[in-house]
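> After the structure tokens below, expect a handful of questions from me.
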Amino acid sequence: MAHDMEDSRRRALIGLLTDFGDLDTYVGVMKAIIAGIAPSAAVIDLGHRIRPGDIRQAAFQLWQVADKFPAGSVLVVVVDPGVGTARRAVACQWRQMVLVGPDNGVFTYLLAIESASAAVVLAEPRFHHTPVSATFHGRDIFAPVAAHLAGGTPLKELGPATDGLQQFELPLLERLGADGLSGEVVHVDGFGNLITTLGRLRYDADGCALAPWLPKSEPGVFHGEGAALLPDGFELPLMTTFGDVAPGEPVAYLGSEGLLEIAVRGGSAAERFALTVGAPIQLRFRG
Amino acid sequence: MAHDMEDSRRRALIGLLTDFGDLDTYVGVMKAIIAGIAPSAAVIDLGHRIRPGDIRQAAFQLWQVADKFPAGSVLVVVVDPGVGTARRAVACQWRQMVLVGPDNGVFTYLLAIESASAAVVLAEPRFHHTPVSATFHGRDIFAPVAAHLAGGTPLKELGPATDGLQQFELPLLERLGADGLSGEVVHVDGFGNLITTLGRLRYDADGCALAPWLPKSEPGVFHGEGAALLPDGFELPLMTTFGDVAPGEPVAYLGSEGLLEIAVRGGSAAERFALTVGAPIQLRFRG
Amino acid sequence: MAHDMEDSRRRALIGLLTDFGDLDTYVGVMKAIIAGIAPSAAVIDLGHRIRPGDIRQAAFQLWQVADKFPAGSVLVVVVDPGVGTARRAVACQWRQMVLVGPDNGVFTYLLAIESASAAVVLAEPRFHHTPVSATFHGRDIFAPVAAHLAGGTPLKELGPATDGLQQFELPLLERLGADGLSGEVVHVDGFGNLITTLGRLRYDADGCALAPWLPKSEPGVFHGEGAALLPDGFELPLMTTFGDVAPGEPVAYLGSEGLLEIAVRGGSAAERFALTVGAPIQLRFRG
């Protein structure tokens, strides 16, 4: 095998999350712009099949990936139904990475975990692809800004400092007495698995919390023993993985991000139970 | 953030545009062949969801991206319904980049802007993956040729010079007296936006022209004031962006490539108006 | 054109084949993990649209691409319906590359061509992303292991040696007297082409064999003259390529991997003949 680990230089990483789909060249154009500015940067597709304009889905998917990226990465979100209107284009320092995108709530979950240490409005035209169009800021603002960041341009040069980035209201998660929680489906993945707001806190070294995007100050009590309760009263005891049940059977478990998921082995839970984002789910503790 | 901007070497860029879809390994195989020949080249996916065999759609999408690539890039189009028959495999120098693909019209829009300064038939087997199959020239001819070009092989070594590359007839665009133009839908994008032949010329620094792929000698008169007229008589005043109308409302604007687009905010104009490629659209000037 | 061919270092290559689809960030997360461990490795998507849990389709697609990769590549398959259960996570040396994935049969075709020269169970947690979840070994085991392999970690360090990797029964391929073969559809590609088990052996320099994944000891007699016989008795003489028939007409030919394919020019053979994987196809020799 050929290696070049002796080359310890780290290539700057840019992650792209959009609702551009795969029928057009919009994503390819963004990458061409990036390559022209930062030829040695590596671009990772986080996904381009966000439902058109679905800011909440984009925010959730960004939360799923952000902590997997190495320090110094630039994560770009282009789910931007207000492009060309008064909504602002922004970038912010979040932990050891930079987030770039429209100021419309796409960073909500990450900012609920920890505030941005700095944020700017992307107002400096010398870092844009000009003339800036009214309908494709992914190409004209976000891609070139991400490339300049990957190439070493400091955040503060991109435009004037700001704060008060837009955040939407977090999805439902409530106590149900001493032995339960009430939440909702927050995402349906491509397998038809229902991913909920209920679960463990990833970032808490010695405990758990009610939701991974809430601050540590609200401690949780749940360690994985219990059952999921669906809207029609159907109850599923928690297992470890979907392979723990027979093919075609429904199953509940704590998924790879610590959130309660409901699946059907070899099938689609979303179809089986006719549930989608926003459906109420309860978690009953045991032990 | 870690950088390597001190590394000023530019990696050779290869763009890939095909109708191979995402259900198979055809694109991955092309990339493996490229990596074996030009390991340091970077490959950008321009899209692989061209309708199978749709040469006109491929030509339009290639036109959308070509001028965003840095000088020295190699753009490969594999939409090739005549693979294995008498149609030629070609490469040509177009401005500061090289185009590679079947000689079936996929370069039509680019060649309407500017002729190729050189073109060759890809007849030299030492630059192919042999034995060359009859059905997958993307793998056996176009990918290895692109990799050799990215690696520095001069165009003229790839085969004998040629001219007279195939071009299809450009889509409709006609004067309607002094105050209008008659054109057609040339592309429906993944959002259901209708993109038309009507608009501004991108390449003209001080003016505009009737279509972006026509030479500058035919000057235009349109600067963005006016209305779009749909086949059923529905009229839409031009706005700046789709965010300028209420959700669910239709809107017309000049898109990011300077072409008149018709959209529905948060919806699909193709569905709303039941229009697709070839549908006649008029543009009425005002002011 | 800008080159860096003088840079002869080969970047380590990792190929990814999964059933994760494109609606989620699962593939992007794997790439982020890889980039954190082996920043200079290049990742090639072999495809992420394997039917969920379809081990046989994954094995076939892996067979289609494996010999196109340069020596030293790492090929990762994550089609893993038994994730989190007793099924083993493995890696093996196959020819000059390393295969990584669940021990569930995904390497069947490659191992039918040639046995692995070494195999290990991926039991060393220091090469994993910890804590390892029960449902996403693509992120927690296979991606980091592939990155470490790409970075130079020897196979034997990843865990204890093993043999007896899982293989499923090869699909049907039988003699029909002196002048024919009986096989079946093994794959339907994105164009609707029916790809069968019948064909030439790629790896035999001076001859042919009954199926490309059978050892050379079973010689074949077929050189391309003959006809394909469909289940309903429809017979198609072999041609060179789909462009040899009129648009809309069905055609049979030996595809780019040497396998008999049945297509409809400009259409879908799967739809036209209502056939899918497992449908019996015969090949009648002539000459």
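We label chains A, B, ... in the order they appear in the structure tokens, count residues from 1 in each chain, and number ligands from 1 in the order shown.
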Residues of chain C were defined as contacting chain A if any atom lay at most 9 Å from it, counting only C-alpha atoms; please report them as a PDB file with C-alpha atoms, in the first residue's frame.

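Output saved as part_18.pdb:
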```
ATOM      1  CA  ARG C   9       3.390  10.299  -4.202  1.00  0.00           C
ATOM      2  CA  ARG C  10       0.236   8.304  -4.576  1.00  0.00           C
ATOM      3  CA  ARG C  11      -2.613   9.341  -2.311  1.00  0.00           C
ATOM      4  CA  ALA C  12      -4.199   6.379  -0.581  1.00  0.00           C
ATOM      5  CA  PHE C  20     -27.224   4.623   3.122  1.00  0.00           C
ATOM      6  CA  GLY C  21     -28.924   6.472   0.278  1.00  0.00           C
ATOM      7  CA  ASP C  22     -28.623  10.207  -0.183  1.00  0.00           C
ATOM      8  CA  LEU C  23     -31.310  11.552   2.144  1.00  0.00           C
ATOM      9  CA  ASP C  24     -29.116  11.559   5.254  1.00  0.00           C
ATOM     10  CA  THR C  25     -25.680  12.520   6.476  1.00  0.00           C
ATOM     11  CA  TYR C  26     -24.517   8.966   7.123  1.00  0.00           C
ATOM     12  CA  VAL C  27     -22.024   8.930   4.239  1.00  0.00           C
ATOM     13  CA  GLY C  28     -20.805  12.445   5.018  1.00  0.00           C
ATOM     14  CA  VAL C  29     -20.157  11.444   8.615  1.00  0.00           C
ATOM     15  CA  MET C  30     -18.044   8.487   7.472  1.00  0.00           C
ATOM     16  CA  LYS C  31     -16.004  10.838   5.301  1.00  0.00           C
ATOM     17  CA  ALA C  32     -15.532  13.304   8.162  1.00  0.00           C
ATOM     18  CA  ILE C  33     -14.222  10.490  10.365  1.00  0.00           C
ATOM     19  CA  ALA C  35     -10.615  12.926   7.015  1.00  0.00           C
ATOM     20  CA  GLY C  36      -9.849  13.312  10.703  1.00  0.00           C
ATOM     21  CA  ILE C  37      -7.638  10.204  10.689  1.00  0.00           C
ATOM     22  CA  ALA C  38      -6.159  10.165   7.176  1.00  0.00           C
ATOM     23  CA  PRO C  39      -6.427  13.715   5.848  1.00  0.00           C
ATOM     24  CA  SER C  40      -4.555  12.997   2.640  1.00  0.00           C
ATOM     25  CA  ALA C  41      -6.579   9.930   1.660  1.00  0.00           C
ATOM     26  CA  PRO C  52     -31.369  -1.531   1.928  1.00  0.00           C
ATOM     27  CA  GLY C  53     -29.810  -4.704   3.282  1.00  0.00           C
ATOM     28  CA  ALA C  71      -2.956  -1.455  -5.892  1.00  0.00           C
ATOM     29  CA  GLY C  72      -3.111  -0.379  -2.280  1.00  0.00           C
ATOM     30  CA  SER C  73      -6.722   0.771  -2.346  1.00  0.00           C
ATOM     31  CA  PRO C  81     -28.546  -5.581   8.197  1.00  0.00           C
ATOM     32  CA  GLY C  82     -27.019  -7.472  11.131  1.00  0.00           C
ATOM     33  CA  VAL C  83     -25.156  -4.509  12.605  1.00  0.00           C
ATOM     34  CA  GLY C  84     -24.906  -4.732  16.375  1.00  0.00           C
ATOM     35  CA  THR C  85     -25.700  -8.463  16.496  1.00  0.00           C
ATOM     36  CA  GLN C  96      -3.302  -5.970  -3.794  1.00  0.00           C
ATOM     37  CA  MET C  97      -6.113  -4.289  -1.942  1.00  0.00           C
ATOM     38  CA  VAL C 132     -18.977   2.156  19.302  1.00  0.00           C
ATOM     39  CA  SER C 133     -22.725   2.421  18.719  1.00  0.00           C
ATOM     40  CA  ALA C 134     -24.912  -0.631  18.106  1.00  0.00           C
ATOM     41  CA  THR C 135     -26.383   0.658  14.856  1.00  0.00           C
ATOM     42  CA  PHE C 136     -23.730   2.594  12.911  1.00  0.00           C
ATOM     43  CA  LEU C 149      -5.341   1.175   6.661  1.00  0.00           C
ATOM     44  CA  ALA C 150      -5.045   4.026   4.155  1.00  0.00           C
ATOM     45  CA  GLY C 151      -2.620   5.659   6.567  1.00  0.00           C
ATOM     46  CA  GLY C 152      -0.389   2.610   6.703  1.00  0.00           C
TER      47      GLY C 152
END
```
> Extract the full set of strand (DSSP E) residues from stretch 87-284 of chain B according to DSSP on the backbone, and format it as JSON, numbers by chain.
{"B": [89, 90, 91, 92, 93, 94, 97, 98, 99, 100, 101, 102, 118, 119, 120, 121, 174, 175, 180, 181, 182, 183, 184, 185, 186, 187, 188, 194, 195, 196, 197, 198, 199, 226, 227, 228, 229, 235, 236, 237, 238, 239, 250, 251, 252, 253, 254, 259, 260, 261, 262, 263, 264, 280, 281, 282, 283, 284]}
> May I ask for the distance between atom CA of B:Ile34 and atom CA of B:Ala146, given in Å to one decimal place?
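Pair atom CA of B:Ile34 / atom CA of B:Ala146 returns 7.5 Å.
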> Provide the atom CA of C:Gln57 to atom CA of A:Val251 distance in Å, to one decimal place.
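We find that atom CA of C:Gln57 and atom CA of A:Val251 lie 25.5 Å from each other.
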> Using only C-alpha atoms, which of A:His148, A:Pro131, A:His137, A:Ala118 sits nearest A:Asp80?
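Ranked by minimum distance to A:Asp80, first place goes to A:His137.
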> Going by DSSP on the backbone, which residues of stretch 8-213 of chain C come out as alpha helix (DSSP H)? List them as a VMD selection string.
chain C and resid 26 to 37 55 to 66 108 to 113 137 143 to 150
> Report the distance between atom CA of B:Ala143 and atom CA of B:Asp19 in Å, rounded to one decimal place.
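Pair atom CA of B:Ala143 / atom CA of B:Asp19 returns 14.6 Å.
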> Can you tell me, as a short mmCIF file (atom, residue, chain, number, x, y, z; two decimals) with C-alpha atoms, in the first residue's frame, what residues are no more than 7 Å from A:Glu174 when counting only C-alpha atoms, ignoring any on the same chain fewer than 4 positions away?

```cif
data_model
loop_
_atom_site.label_atom_id
_atom_site.label_comp_id
_atom_site.auth_asym_id
_atom_site.auth_seq_id
_atom_site.Cartn_x
_atom_site.Cartn_y
_atom_site.Cartn_z
CA LEU A 181 -40.82 11.99 28.83
CA SER A 182 -42.95 13.35 26.05
CA GLY A 183 -41.25 14.26 22.79
#
```
> When you look at B:Leu194 with a cut-off of 12 Å (counting only C-alpha atoms), what residues show up, excluding the ones that are within fewer than 5 positions of it in the same chain? I need them as an NGL selection string.
:B and (184-189 or 228 or 230 or 250-255 or 259-264 or 267-281)
> Mind writing the picked residues with N, CA and C atoms as a compact mmCIF listing (two decimals), in the first residue's frame?

```
# COMPACT_ATOMS: atom_id res chain seq x y z
N GLU B 184 -38.41 29.91 -25.27
CA GLU B 184 -39.01 28.68 -24.78
C GLU B 184 -38.32 28.23 -23.51
N VAL B 185 -38.95 27.30 -22.83
CA VAL B 185 -38.34 26.68 -21.66
C VAL B 185 -37.21 25.78 -22.15
N VAL B 186 -36.01 25.98 -21.57
CA VAL B 186 -34.86 25.20 -21.99
C VAL B 186 -34.46 24.18 -20.94
N HIS B 187 -34.93 24.34 -19.70
CA HIS B 187 -34.54 23.43 -18.62
C HIS B 187 -35.55 23.55 -17.48
N VAL B 188 -35.85 22.45 -16.86
CA VAL B 188 -36.64 22.44 -15.62
C VAL B 188 -35.71 21.93 -14.53
N ASP B 189 -35.46 22.74 -13.51
CA ASP B 189 -34.50 22.29 -12.51
C ASP B 189 -35.18 21.46 -11.42
N ALA B 228 -43.13 38.34 -17.89
CA ALA B 228 -43.12 37.07 -18.62
C ALA B 228 -44.56 36.70 -18.95
N LEU B 230 -46.93 33.57 -20.13
CA LEU B 230 -47.00 32.11 -20.27
C LEU B 230 -47.96 31.72 -21.39
N PRO B 250 -46.63 32.38 -7.77
CA PRO B 250 -45.68 32.31 -8.89
C PRO B 250 -44.90 33.60 -9.04
N VAL B 251 -43.72 33.49 -9.64
CA VAL B 251 -42.86 34.65 -9.76
C VAL B 251 -41.92 34.46 -10.96
N ALA B 252 -41.60 35.55 -11.64
CA ALA B 252 -40.62 35.54 -12.72
C ALA B 252 -39.46 36.45 -12.33
N TYR B 253 -38.26 36.05 -12.71
CA TYR B 253 -37.07 36.85 -12.39
C TYR B 253 -35.95 36.41 -13.31
N LEU B 254 -34.90 37.22 -13.37
CA LEU B 254 -33.71 36.81 -14.10
C LEU B 254 -32.82 36.01 -13.16
N GLY B 255 -32.58 34.75 -13.48
CA GLY B 255 -31.86 33.84 -12.60
C GLY B 255 -30.37 34.11 -12.54
N LEU B 259 -30.77 34.25 -17.13
CA LEU B 259 -31.91 33.77 -17.92
C LEU B 259 -33.21 33.99 -17.17
N LEU B 260 -34.26 34.31 -17.90
CA LEU B 260 -35.59 34.43 -17.31
C LEU B 260 -36.02 33.08 -16.73
N GLU B 261 -36.41 33.08 -15.45
CA GLU B 261 -36.90 31.88 -14.80
C GLU B 261 -38.30 32.13 -14.27
N ILE B 262 -39.10 31.10 -14.27
CA ILE B 262 -40.43 31.17 -13.68
C ILE B 262 -40.49 30.14 -12.57
N ALA B 263 -40.85 30.59 -11.37
CA ALA B 263 -40.84 29.72 -10.21
C ALA B 263 -42.14 29.88 -9.44
N VAL B 264 -42.38 28.98 -8.51
CA VAL B 264 -43.41 29.14 -7.49
C VAL B 264 -42.70 29.08 -6.16
N GLY B 267 -42.69 25.96 -4.07
CA GLY B 267 -43.40 24.94 -4.84
C GLY B 267 -42.74 24.73 -6.19
N SER B 268 -43.46 24.09 -7.10
CA SER B 268 -42.93 23.75 -8.41
C SER B 268 -43.73 24.45 -9.51
N ALA B 269 -43.04 25.33 -10.26
CA ALA B 269 -43.71 26.00 -11.38
C ALA B 269 -44.03 25.00 -12.49
N ALA B 270 -43.19 23.99 -12.65
CA ALA B 270 -43.45 22.99 -13.69
C ALA B 270 -44.79 22.29 -13.44
N GLU B 271 -45.06 21.99 -12.16
CA GLU B 271 -46.33 21.35 -11.81
C GLU B 271 -47.49 22.35 -11.89
N ARG B 272 -47.29 23.54 -11.32
CA ARG B 272 -48.36 24.52 -11.27
C ARG B 272 -48.89 24.86 -12.66
N PHE B 273 -47.95 25.04 -13.61
CA PHE B 273 -48.37 25.48 -14.95
C PHE B 273 -48.36 24.33 -15.95
N ALA B 274 -47.99 23.12 -15.49
CA ALA B 274 -47.94 21.95 -16.38
C ALA B 274 -47.13 22.25 -17.64
N LEU B 275 -45.95 22.85 -17.43
CA LEU B 275 -45.07 23.17 -18.55
C LEU B 275 -43.76 22.41 -18.42
N THR B 276 -43.13 22.15 -19.55
CA THR B 276 -41.82 21.51 -19.51
C THR B 276 -40.95 22.05 -20.64
N VAL B 277 -39.81 21.41 -20.89
CA VAL B 277 -38.86 21.89 -21.89
C VAL B 277 -39.56 22.04 -23.24
N GLY B 278 -39.35 23.17 -23.90
CA GLY B 278 -39.94 23.43 -25.21
C GLY B 278 -41.18 24.30 -25.15
N ALA B 279 -41.75 24.49 -23.96
CA ALA B 279 -42.96 25.32 -23.85
C ALA B 279 -42.63 26.76 -24.24
N PRO B 280 -43.47 27.41 -25.05
CA PRO B 280 -43.19 28.78 -25.50
C PRO B 280 -43.43 29.79 -24.39
N ILE B 281 -42.49 30.69 -24.21
CA ILE B 281 -42.60 31.77 -23.22
C ILE B 281 -42.26 33.08 -23.92
```
> Might you pull out every residue within 10 Å of A:Glu225, with only C-alpha atoms counted and same-chain residues fewer than 4 positions away left off, and present them as a list of chain:residue names?
A:Pro237, A:Leu238, A:Met239, A:Tyr253, A:Leu283, A:Arg284, A:Phe285, A:Arg286, A:Gly287
> Go ahead and save the residues from that selection, with C-alpha atoms, as a tab-separated table (two decimals), in the first residue's frame.

```tsv
chain	number	residue	atom	x	y	z
A	237	PRO	CA	-39.58	-2.15	24.70
A	238	LEU	CA	-36.14	-0.72	24.10
A	239	MET	CA	-33.64	-3.07	22.41
A	253	TYR	CA	-33.55	1.58	20.46
A	283	LEU	CA	-40.55	7.39	26.52
A	284	ARG	CA	-41.35	5.44	29.71
A	285	PHE	CA	-38.46	4.70	32.05
A	286	ARG	CA	-37.93	1.41	33.78
A	287	GLY	CA	-35.35	0.64	36.45
```
